[in-house]
file protein-v8.txt (compact mmCIF, C-alpha atoms)
# COMPACT_ATOMS: atom_id res chain seq x y z
CA MET A 209 -29.29 5.95 -8.60
CA THR A 210 -25.57 6.10 -7.76
CA THR A 211 -23.53 8.98 -9.16
CA ALA A 212 -19.76 8.94 -9.50
CA ALA A 213 -17.22 11.63 -10.27
CA VAL A 214 -13.98 10.52 -11.92
CA PHE A 215 -11.08 12.95 -11.65
CA GLY A 216 -8.63 12.15 -14.44
CA THR A 217 -9.20 11.36 -18.11
CA GLY A 218 -6.27 9.02 -18.83
CA SER A 219 -6.60 5.42 -19.99
CA TRP A 220 -7.42 3.79 -16.65
CA GLY A 221 -9.64 6.62 -15.42
CA THR A 222 -11.64 6.47 -18.64
CA ALA A 223 -11.84 2.66 -18.64
CA PHE A 224 -13.02 2.61 -15.01
CA ALA A 225 -15.58 5.32 -15.77
CA ALA A 226 -16.93 2.98 -18.46
CA VAL A 227 -17.04 0.11 -15.95
CA LEU A 228 -19.05 2.25 -13.54
CA ALA A 229 -21.41 3.34 -16.32
CA ASP A 230 -21.90 -0.22 -17.56
CA ALA A 231 -22.72 -1.21 -13.97
CA GLY A 232 -25.55 1.36 -13.94
CA THR A 233 -23.75 4.32 -12.36
CA ASP A 234 -24.03 7.84 -13.80
CA VAL A 235 -20.51 9.25 -14.26
CA ARG A 236 -19.17 12.78 -14.58
CA MET A 237 -15.49 13.00 -15.46
CA TRP A 238 -13.18 15.92 -14.75
CA GLY A 239 -10.33 16.71 -17.11
CA ARG A 240 -7.80 19.52 -17.19
CA ARG A 241 -7.62 19.73 -20.99
CA SER A 242 -10.68 21.00 -22.81
CA GLU A 243 -9.99 19.02 -25.97
CA VAL A 244 -10.09 15.72 -24.05
CA VAL A 245 -13.24 16.80 -22.23
CA ASP A 246 -14.89 17.68 -25.53
CA ALA A 247 -13.91 14.32 -27.03
CA ILE A 248 -15.41 12.44 -24.07
CA ASN A 249 -18.64 14.41 -24.38
CA ALA A 250 -18.66 13.47 -28.07
CA GLY A 251 -18.50 9.80 -27.05
CA CYS A 252 -14.84 8.75 -27.33
CA ASN A 253 -11.59 9.59 -25.55
CA ASP A 254 -9.59 9.68 -28.79
CA GLU A 255 -6.26 10.48 -27.14
CA TYR A 256 -6.12 7.67 -24.58
CA LEU A 257 -8.58 5.02 -25.80
CA PRO A 258 -9.09 5.74 -29.51
CA GLU A 259 -11.91 4.08 -31.46
CA LEU A 260 -13.60 2.82 -28.30
CA PRO A 261 -17.10 4.29 -27.84
CA LEU A 262 -18.01 5.37 -24.31
CA PRO A 263 -21.33 4.61 -22.58
CA GLU A 264 -23.98 7.34 -22.74
CA ARG A 265 -24.01 7.59 -18.94
CA ILE A 266 -20.59 9.32 -19.08
CA SER A 267 -20.18 13.09 -19.39
CA ALA A 268 -17.17 15.33 -18.78
CA THR A 269 -16.34 18.81 -17.57
CA SER A 270 -13.32 21.02 -16.88
CA ASP A 271 -14.99 22.38 -13.73
CA PRO A 272 -14.04 20.26 -10.68
CA GLU A 273 -16.94 21.61 -8.63
CA GLU A 274 -19.41 20.61 -11.35
CA ALA A 275 -17.85 17.15 -11.60
CA ALA A 276 -18.07 16.48 -7.87
CA ALA A 277 -21.51 17.96 -7.18
CA GLY A 278 -23.77 15.36 -5.57
CA ALA A 279 -21.40 12.45 -6.20
CA ASP A 280 -21.82 9.37 -4.01
CA ILE A 281 -18.42 8.08 -5.13
CA VAL A 282 -15.37 10.14 -6.14
CA VAL A 283 -12.69 8.34 -8.13
CA LEU A 284 -9.17 9.78 -8.27
CA ALA A 285 -7.21 8.74 -11.37
CA VAL A 286 -4.52 11.41 -11.75
CA PRO A 287 -0.77 10.61 -11.94
CA SER A 288 0.37 9.61 -8.46
CA GLN A 289 3.12 12.21 -8.13
CA THR A 290 0.62 15.00 -8.97
CA LEU A 291 -2.06 13.84 -6.53
CA ARG A 292 -1.13 16.21 -3.69
CA ALA A 293 -0.96 19.25 -5.97
CA ASN A 294 -4.30 18.37 -7.53
CA LEU A 295 -6.00 17.86 -4.18
CA THR A 296 -4.54 21.13 -2.93
CA THR A 297 -6.23 22.84 -5.89
CA TRP A 298 -9.65 21.19 -5.92
CA GLY A 299 -9.83 18.73 -3.01
CA TRP A 300 -12.25 21.05 -1.23
CA VAL A 301 -14.99 20.19 -3.77
CA LEU A 302 -15.20 16.52 -2.73
CA PRO A 303 -18.55 15.81 -1.01
CA ASP A 304 -18.31 15.15 2.72
CA ASP A 305 -20.14 11.82 2.57
CA ALA A 306 -18.70 10.37 -0.64
CA ALA A 307 -16.51 7.29 -0.81
CA VAL A 308 -13.15 8.41 -2.25
CA VAL A 309 -11.57 5.83 -4.53
CA SER A 310 -7.88 5.71 -5.48
CA LEU A 311 -6.94 4.13 -8.81
CA MET A 312 -3.34 5.31 -8.45
CA LYS A 313 -0.42 2.98 -7.89
CA GLY A 314 2.61 4.71 -6.44
CA VAL A 315 4.42 6.01 -3.37
CA GLU A 316 4.86 9.76 -3.03
CA LEU A 317 8.36 11.10 -3.53
CA GLY A 318 9.77 12.87 -0.50
CA THR A 319 7.13 11.72 2.00
CA THR A 320 7.03 7.96 1.09
CA LYS A 321 3.28 8.09 1.70
CA ARG A 322 0.91 5.68 0.01
CA MET A 323 -1.80 7.26 -2.12
CA SER A 324 -4.52 6.74 0.50
CA GLU A 325 -2.29 8.54 2.99
CA VAL A 326 -1.82 11.45 0.59
CA ILE A 327 -5.59 11.67 0.11
CA ALA A 328 -6.17 11.77 3.86
CA ASP A 329 -3.36 14.28 4.37
CA ALA A 330 -3.93 16.66 1.47
CA ALA A 331 -7.74 16.66 1.33
CA GLY A 332 -8.58 15.93 4.96
CA ILE A 333 -10.56 12.83 4.02
CA ASP A 334 -11.40 10.42 6.85
CA THR A 335 -9.54 7.15 6.25
CA GLY A 336 -12.78 5.21 6.68
CA ARG A 337 -14.07 6.72 3.43
CA ILE A 338 -10.98 5.93 1.34
CA VAL A 339 -11.10 2.96 -1.03
CA VAL A 340 -8.35 1.42 -3.17
CA VAL A 341 -9.13 -0.44 -6.41
CA SER A 342 -6.30 -2.61 -7.72
CA GLY A 343 -5.80 -5.80 -9.69
CA PRO A 344 -4.83 -7.17 -13.11
CA ASN A 345 -6.61 -4.30 -14.85
CA LEU A 346 -4.97 -3.34 -18.14
CA ALA A 347 -7.07 -0.41 -19.30
CA ARG A 348 -7.46 -1.29 -22.97
CA GLU A 349 -8.61 -4.85 -22.27
CA ILE A 350 -11.22 -3.61 -19.82
CA ALA A 351 -12.30 -0.87 -22.23
CA VAL A 352 -13.17 -3.53 -24.81
CA LYS A 353 -15.05 -5.42 -22.08
CA GLN A 354 -12.76 -8.42 -21.71
CA PRO A 355 -13.50 -10.19 -18.39
CA ALA A 356 -11.41 -9.04 -15.43
CA ALA A 357 -11.51 -9.01 -11.65
CA SER A 358 -10.18 -6.55 -9.11
CA VAL A 359 -9.84 -5.88 -5.40
CA VAL A 360 -11.87 -3.11 -3.77
CA ALA A 361 -10.16 -2.47 -0.45
CA ALA A 362 -11.25 -0.21 2.40
CA ALA A 363 -10.82 -0.21 6.15
CA ASP A 364 -14.61 -0.13 6.40
CA GLU A 365 -16.09 -3.20 4.71
CA ARG A 366 -19.38 -1.39 4.15
CA VAL A 367 -17.68 1.36 2.16
CA ALA A 368 -15.80 -1.22 0.10
CA GLN A 369 -19.07 -3.00 -0.63
CA ARG A 370 -20.73 0.25 -1.70
CA VAL A 371 -18.00 0.85 -4.29
CA ALA A 372 -17.99 -2.80 -5.37
CA ASP A 373 -21.74 -2.63 -6.01
CA ALA A 374 -21.24 0.48 -8.16
CA CYS A 375 -18.58 -1.11 -10.39
CA ALA A 376 -19.91 -4.67 -10.70
CA ALA A 377 -20.30 -4.68 -14.49
CA PRO A 378 -21.06 -7.87 -16.47
CA TYR A 379 -17.37 -8.14 -17.44
CA PHE A 380 -15.81 -6.69 -14.26
CA ARG A 381 -15.93 -8.64 -11.00
CA PRO A 382 -14.91 -6.78 -7.80
CA TYR A 383 -13.83 -8.58 -4.61
CA THR A 384 -13.90 -6.63 -1.34
CA HIS A 385 -11.02 -6.57 1.11
CA THR A 386 -10.00 -4.61 4.20
CA ASP A 387 -6.22 -4.70 3.62
CA VAL A 388 -5.61 -1.22 2.20
CA VAL A 389 -1.87 -1.29 2.95
CA GLY A 390 -1.20 -4.58 1.18
CA THR A 391 -3.34 -3.63 -1.81
CA GLU A 392 -1.48 -0.35 -2.26
CA ILE A 393 2.02 -1.74 -1.74
CA ALA A 394 1.36 -4.53 -4.23
CA GLY A 395 0.09 -2.04 -6.79
CA ALA A 396 3.06 0.28 -6.41
CA THR A 397 5.91 -2.22 -6.37
CA LYS A 398 4.65 -4.29 -9.31
CA ASN A 399 5.42 -1.36 -11.60
CA VAL A 400 9.09 -1.46 -10.63
CA ILE A 401 9.28 -5.24 -10.98
CA ALA A 402 7.68 -4.90 -14.43
CA LEU A 403 10.49 -2.56 -15.45
CA ALA A 404 12.98 -5.25 -14.45
CA VAL A 405 11.11 -7.95 -16.38
CA GLY A 406 10.96 -5.68 -19.40
CA MET A 407 14.71 -5.09 -19.16
CA ALA A 408 15.28 -8.84 -19.16
CA GLU A 409 13.16 -9.20 -22.28
CA GLY A 410 15.00 -6.32 -23.93
CA LEU A 411 18.27 -8.12 -23.22
CA GLY A 412 16.91 -11.19 -25.04
CA MET A 413 16.32 -13.29 -21.95
CA GLY A 414 13.61 -15.95 -21.91
CA ASP A 415 10.74 -17.03 -19.72
CA ASN A 416 12.91 -18.67 -17.05
CA SER A 417 14.63 -15.36 -16.40
CA LYS A 418 11.39 -13.40 -16.39
CA ALA A 419 9.62 -15.90 -14.12
CA SER A 420 12.55 -15.71 -11.69
CA ILE A 421 12.32 -11.91 -11.53
CA ILE A 422 8.55 -12.02 -11.04
CA THR A 423 8.82 -14.56 -8.24
CA ARG A 424 11.61 -12.80 -6.40
CA GLY A 425 9.86 -9.49 -7.00
CA LEU A 426 6.80 -10.91 -5.28
CA ALA A 427 9.03 -11.88 -2.34
CA GLU A 428 10.29 -8.29 -2.09
CA THR A 429 6.77 -6.94 -2.29
CA THR A 430 5.55 -9.30 0.43
CA ARG A 431 8.47 -8.45 2.73
CA LEU A 432 7.79 -4.73 2.38
CA GLY A 433 4.05 -5.05 2.76
CA THR A 434 4.15 -7.24 5.86
CA ALA A 435 6.71 -4.89 7.44
CA LEU A 436 4.08 -2.16 7.04
CA GLY A 437 1.36 -4.31 8.59
CA ALA A 438 -0.23 -5.85 5.49
CA ASP A 439 -1.85 -9.29 5.41
CA PRO A 440 0.58 -11.67 3.60
CA VAL A 441 -2.39 -13.41 1.95
CA THR A 442 -3.10 -10.23 -0.03
CA PHE A 443 0.03 -10.79 -2.11
CA ALA A 444 -1.21 -14.19 -3.27
CA GLY A 445 -4.41 -12.64 -4.64
CA LEU A 446 -5.60 -10.35 -7.43
CA ALA A 447 -3.92 -7.23 -6.07
CA GLY A 448 -0.66 -9.13 -5.60
CA ILE A 449 0.37 -11.89 -7.98
CA GLY A 450 -2.56 -11.18 -10.33
CA ASP A 451 -1.59 -7.59 -11.01
CA LEU A 452 2.11 -8.49 -10.99
CA ILE A 453 1.72 -11.08 -13.76
CA ALA A 454 -0.38 -8.80 -15.98
CA THR A 455 1.93 -5.82 -15.61
CA CYS A 456 5.15 -7.79 -16.00
CA MET A 457 4.14 -9.86 -19.03
CA SER A 458 1.78 -7.81 -21.18
CA PRO A 459 2.94 -5.58 -24.06
CA LEU A 460 0.00 -3.36 -23.07
CA SER A 461 1.80 -2.58 -19.81
CA ARG A 462 3.53 0.79 -19.97
CA ASN A 463 6.10 -0.29 -17.36
CA HIS A 464 6.92 -3.53 -19.17
CA SER A 465 7.32 -1.76 -22.52
CA PHE A 466 9.45 0.97 -20.94
CA GLY A 467 11.70 -1.70 -19.41
CA VAL A 468 12.10 -3.48 -22.75
CA ARG A 469 13.50 -0.32 -24.29
CA LEU A 470 15.85 0.17 -21.36
CA GLY A 471 17.08 -3.40 -21.82
CA GLN A 472 17.69 -2.68 -25.49
CA GLY A 473 20.14 0.03 -24.46
CA MET A 474 18.06 3.20 -24.53
CA ALA A 475 18.48 5.78 -21.78
CA VAL A 476 15.47 6.88 -19.71
CA ASP A 477 15.27 10.24 -21.49
CA GLU A 478 15.39 8.51 -24.87
CA VAL A 479 12.51 6.20 -23.95
CA VAL A 480 10.45 9.17 -22.74
CA ALA A 481 11.16 11.00 -26.01
CA VAL A 482 10.05 8.00 -28.09
CA THR A 483 6.96 7.07 -26.07
CA ARG A 484 6.06 10.62 -24.94
CA GLN A 485 5.24 9.26 -21.49
CA THR A 486 6.97 8.10 -18.32
CA ALA A 487 6.05 4.80 -16.69
CA GLU A 488 4.84 4.92 -13.08
CA GLY A 489 7.65 2.61 -11.93
CA VAL A 490 10.21 5.12 -13.17
CA LYS A 491 8.65 7.84 -11.03
CA SER A 492 8.09 5.73 -7.91
CA CYS A 493 11.14 3.45 -7.70
CA THR A 494 13.10 5.92 -5.55
CA SER A 495 10.27 6.53 -3.09
CA ILE A 496 9.55 2.80 -2.77
CA LEU A 497 13.24 2.12 -2.12
CA ASP A 498 13.27 4.91 0.49
CA LEU A 499 10.22 3.38 2.16
CA ALA A 500 11.87 -0.06 2.25
CA ARG A 501 15.06 1.35 3.75
CA GLN A 502 13.08 3.20 6.43
CA HIS A 503 11.71 -0.16 7.55
CA GLY A 504 14.89 -2.18 7.09
CA VAL A 505 13.49 -4.29 4.24
CA ASP A 506 15.83 -5.84 1.64
CA VAL A 507 14.54 -5.12 -1.91
CA PRO A 508 17.46 -5.88 -4.28
CA ILE A 509 15.48 -5.80 -7.54
CA ILE A 510 13.92 -2.45 -6.70
CA GLU A 511 17.33 -1.19 -5.60
CA GLN A 512 18.95 -2.14 -8.90
CA VAL A 513 16.14 -0.70 -11.01
CA ASN A 514 16.43 2.54 -9.06
CA ALA A 515 20.19 2.60 -9.69
CA MET A 516 19.57 2.22 -13.40
CA ILE A 517 16.94 4.98 -13.45
CA THR A 518 18.76 7.47 -11.23
CA GLU A 519 22.45 6.63 -11.71
CA GLY A 520 22.55 5.50 -15.32
CA ARG A 521 23.57 1.93 -14.50
CA THR A 522 23.23 -0.36 -17.54
CA ALA A 523 20.84 -3.31 -17.79
CA PRO A 524 23.69 -5.90 -18.01
CA HIS A 525 25.23 -4.34 -14.89
CA VAL A 526 21.92 -4.64 -13.07
CA VAL A 527 21.58 -8.33 -14.01
CA GLY A 528 25.16 -9.03 -12.95
CA ALA A 529 24.67 -7.30 -9.61
CA LEU A 530 21.56 -9.35 -8.86
CA LEU A 531 23.12 -12.68 -9.84
CA SER A 532 26.30 -12.06 -7.85
CA ARG A 533 24.50 -11.39 -4.56
CA PRO A 534 25.27 -13.81 -1.71
CA ARG A 535 23.15 -16.95 -1.98
CA LYS A 536 20.63 -17.85 0.71
CA ALA A 537 17.72 -20.19 1.37
CA GLU A 538 14.43 -19.30 -0.29
CA THR A 539 12.47 -18.34 2.79
CA GLY A 540 10.87 -15.18 1.45
call {"tool": "encode", "arguments": {"input": "protein-v8.txt", "output": "structure tokens"}}
result
Amino acid sequence: MTTAAVFGTGSWGTAFAAVLADAGTDVRMWGRRSEVVDAINAGCNDEYLPELPLPERISATSDPEEAAAGADIVVLAVPSQTLRANLTTWGWVLPDDAAVVSLMKGVELGTTKRMSEVIADAAGIDTGRIVVVSGPNLAREIAVKQPAASVVAAADERVAQRVADACAAPYFRPYTHTDVVGTEIAGATKNVIALAVGMAEGLGMGDNSKASIITRGLAETTRLGTALGADPVTFAGLAGIGDLIATCMSPLSRNHSFGVRLGQGMAVDEVVAVTRQTAEGVKSCTSILDLARQHGVDVPIIEQVNAMITEGRTAPHVVGALLSRPRKAETG
């Protein structure tokens, strides 16, 4: 019997815990807040996925050592910019032979490291044991068992297959891959592109405008990923265009919804006050832009979104800046 520990009790961590449980894996979740832990043990994460009953195979604890004990698979589902601090606190409890799965989609501020790199650096985990799960995986849809597919990427195909076997639920189909870099870059940049698409919608623009941003955003993502050594084919798959479409177009997407409010004229602080949460693209746009600049990659959409987030540039200004750029052939 496979046992998994899931560190993080947010929407996606909880939904993926349910996937693992429905696939026959026993799951222990770790949460920082006792009230969320108690709710999970009572059968429902009321704060993040209200009214959705959790499988009986799931339990929760506030003790990281208890959560990790004997786990074959450890899943990390904390906010990306807190990953290093969390691993510094309890990374030592992770079993030496467990596959370590990242559900996080971001690039670390300051270091420009991908999440798998932060895991290796902060917790001393061998890169061969690190797995990335990414795809068009909106948490609420998966929590209600709507069919979805995802990429399970690891440098070691055998480790990827072990995790894929553990999460192959009747409604969740995993595909293994060895392109960790491409899977992570696609997952991080799509959040920023979704902010831009949301802004366009907030400005009243239609599907032509949004499709143009998505397509050119995919071009930026592919340029950055291949510059880092990713397989270009990755960006045409579930972790690339699949996740990009879902995040850019769905009202369930936190980044899309955040962008809509920005397009309607709200400031970042105002959106945070209304929604009581910050979208991942808001936190990671600067680090992704820094990473692109380090490698000489042109990412104009990401650059303009970052200017809006960090410099207070308005949505109409962002659109104007993108449309007034020098024209060129569409070669990528």
call {"tool": "residues_around", "arguments": {"input": "protein-v8.txt", "residues": "stretch 323-332 of chain A", "least_positions_apart": "5", "cutoff": "8 Å", "atoms": "only C-alpha atoms", "output": "list in words"}}
result
Ser288, Leu291, Arg292, Leu295, Thr296, Gly299, Trp300, Ser310, Met312, Lys313, Gly314, Val315, Glu316, Ile338, Val339, Val340 and Glu392 of chain A
call {"tool": "atom_distance", "arguments": {"input": "protein-v8.txt", "atom1": "atom CA of A:Ala500", "atom2": "atom CA of A:Ile421"}}
result
18.2 Å
call {"tool": "atom_distance", "arguments": {"input": "protein-v8.txt", "atom1": "atom CA of A:Gly410", "atom2": "atom CA of A:Ser358"}}
result
29.2 Å
call {"tool": "residues_around", "arguments": {"input": "protein-v8.txt", "residues": "A:Ala404", "least_positions_apart": "2", "cutoff": "12 Å", "atoms": "all atoms listed in the file", "output": "PyMOL selection string"}}
result
chain A and resi 397-402+406-411+413+417-425+452+455-457+463-471+489-490+493+508-517+522-524+526-527+530
call {"tool": "closest_residue", "arguments": {"input": "protein-v8.txt", "among": "A:Gln472, A:Ser492, A:Thr297, A:Gln502", "to": "A:Leu432", "atoms": "all atoms listed in the file"}}
result
A:Gln502
call {"tool": "atom_distance", "arguments": {"input": "protein-v8.txt", "atom1": "atom CA of A:Pro258", "atom2": "atom CA of A:Ala225"}}
result
15.2 Å
